[in-house]
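Q: Structure incoming, see below.
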Amino acid sequence: MKNKPHFTVAAAAALIVGLPIAASAAETGSAVQIIAPTDKTITPSGTWSIGARAGDFVFIGGMRGTDRVTGKMVDGDEARVRRMFDNMLAAAEAAGATKADAVRLTVFVTDVAKYRPLVNKVQKDIWGDGPYPPRTVLQVPALDQGDIAEIDGTFYAPVKK
């Protein structure tokens, strides 16, 4: 069955709940491009990429408040949340997107009552009076390295031809 399409249980589940299906470029002929780190972005510390472009959409992976040079978390809650946003926007910029192109943000925090107001303050500092992209803030029991917050984002930035 050489020509039979490759369809996994995960892909079937993604279809049922309306999630995008990830497949390799070789399988689909798609043009998914992994975003390479730049001198303005963090460098991944493991087996993940800072983001990917699929057509006109840019998907940025979970960014935390780490210094791009040292890879260490910055000191101070507000500084760390600000760096988290800055790291996400730098990764988006590496793919040609700006904060105005943000379609959706998801912020994970370890204490929503404590950190949601701080996330709101920093986002207002960055976006000004808006418009603001849709955003969800979720409380999670823990984040990598004991961090307080992490963000991922989706951007719509048509490929310039």
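Starting from 1 in every chain, residues are counted up; chains themselves are A, B, ... following the order of the structure tokens, and ligands are numbered from 1 as listed.
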Can you list, as a compact mmCIF listing (two decimals) with C-alpha atoms, in the first residue's frame, every residue of chain A that DSSP puts in helix (DSSP H, G or I)?
A:
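Output saved as part_30.txt:
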# COMPACT_ATOMS: atom_id res chain seq x y z
CA VAL A 9 -4.54 8.52 15.47
CA ALA A 10 -3.20 11.93 16.55
CA ALA A 11 -4.17 13.40 13.18
CA ALA A 12 -7.66 11.91 13.47
CA ALA A 13 -8.03 13.35 16.96
CA ALA A 14 -6.83 16.74 15.73
CA LEU A 15 -9.49 16.72 13.03
CA ILE A 16 -12.21 15.83 15.50
CA VAL A 17 -11.37 18.70 17.85
CA ALA A 25 7.04 18.77 4.13
CA ALA A 26 7.98 15.49 2.43
CA GLU A 27 4.58 13.98 3.32
CA THR A 28 2.45 16.93 2.27
CA ASP A 77 8.78 39.32 38.17
CA GLU A 78 7.94 42.32 35.97
CA ALA A 79 11.29 42.17 34.14
CA ARG A 80 10.78 38.45 33.53
CA VAL A 81 7.23 38.91 32.16
CA ARG A 82 8.45 41.77 29.94
CA ARG A 83 11.34 39.62 28.64
CA MET A 84 8.84 36.82 27.94
CA PHE A 85 6.84 39.15 25.66
CA ASP A 86 10.04 40.55 24.12
CA ASN A 87 11.33 37.04 23.36
CA MET A 88 8.05 36.11 21.67
CA LEU A 89 7.99 39.29 19.59
CA ALA A 90 11.65 38.88 18.58
CA ALA A 91 10.90 35.36 17.34
CA ALA A 92 7.87 36.65 15.43
CA GLU A 93 10.00 39.43 13.93
CA ALA A 94 12.49 36.82 12.71
CA LYS A 99 2.86 42.76 17.38
CA ALA A 100 0.16 44.20 15.09
CA ASP A 101 0.04 40.79 13.34
CA VAL A 112 -3.08 33.62 38.04
CA ALA A 113 -4.19 35.94 40.85
CA LYS A 114 -0.62 37.19 41.32
CA TYR A 115 0.67 37.32 37.72
CA ARG A 116 -2.37 38.14 35.53
CA PRO A 117 -2.34 41.82 36.62
CA LEU A 118 1.38 41.96 35.84
CA VAL A 119 0.80 40.36 32.41
CA ASN A 120 -1.93 42.97 31.77
CA LYS A 121 0.39 45.84 32.77
CA VAL A 122 3.29 44.68 30.61
CA GLN A 123 1.04 43.95 27.63
CA LYS A 124 -0.50 47.44 27.92
CA ASP A 125 3.03 48.92 28.02
CA ILE A 126 3.87 47.06 24.80
CA TRP A 127 0.57 47.40 22.88
CA ASP A 144 10.32 24.65 33.46
CA GLN A 145 13.11 25.69 35.83
CA GLY A 146 10.58 26.99 38.35
Q: Show me, as an NGL selection string, the residues that have an atom within 12 Å of Ala97 in chain A when counting only C-alpha atoms, minus same-chain residues fewer than 4 positions from it.
A: :A and (35 or 51-53 or 56-60 or 88-93 or 101-103 or 153-160)
Q: Which distance in Å separates CA of Arg64 in chain A and CA of Asp147 in chain A, to one decimal?
A: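 For CA of Arg64 in chain A relative to CA of Asp147 in chain A, the distance reads 7.7 Å.
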Q: My list of candidates is A:Leu138, A:Ser45, A:Arg104, A:Ala54. Which is closest to Val32 in chain A when distances are computed with only C-alpha atoms?
A: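 Of A:Leu138, A:Ser45, A:Arg104, A:Ala54, the one nearest Val32 in chain A, counting only C-alpha atoms, is A:Ala54.
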Q: Any idea what the distance is between CA of Glu150 in chain A and CA of Gly65 in chain A?
A: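 Between these atoms lies a distance of 7.5 Å.
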Q: Please report, as a list in words, each residue of range 128-160 of chain A to which DSSP assigns strand (DSSP E) when run on this structure's backbone.
A: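 Result set for range 128-160 of chain A (strand (DSSP E)): Arg135, Thr136, Val137, Leu138, Gln139, Ala149, Glu150, Ile151, Asp152, Gly153, Thr154, Phe155 and Tyr156 of chain A.
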Q: With only C-alpha atoms as the atoms that count, which of A:Leu105, A:Ala31, A:Ala95, A:Met63 lies nearest to Pro133 in chain A?
A: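 Going through A:Leu105, A:Ala31, A:Ala95, A:Met63 one by one, the smallest distance to Pro133 in chain A is for A:Leu105.
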Q: Using CA of Ile42 in chain A and CA of Gly76 in chain A as the two end points, give the distance in Å to one decimal.
A: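 Value for the CA of Ile42 in chain A-CA of Gly76 in chain A distance: 18.7 Å.
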Q: So, with only C-alpha atoms as the atoms that count, which of A:Gln139, A:Thr98, A:Thr43, A:Ile151 lies closest to Val69 in chain A?
A: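 Once distances to Val69 in chain A are computed over only C-alpha atoms, the minimum belongs to A:Thr43.
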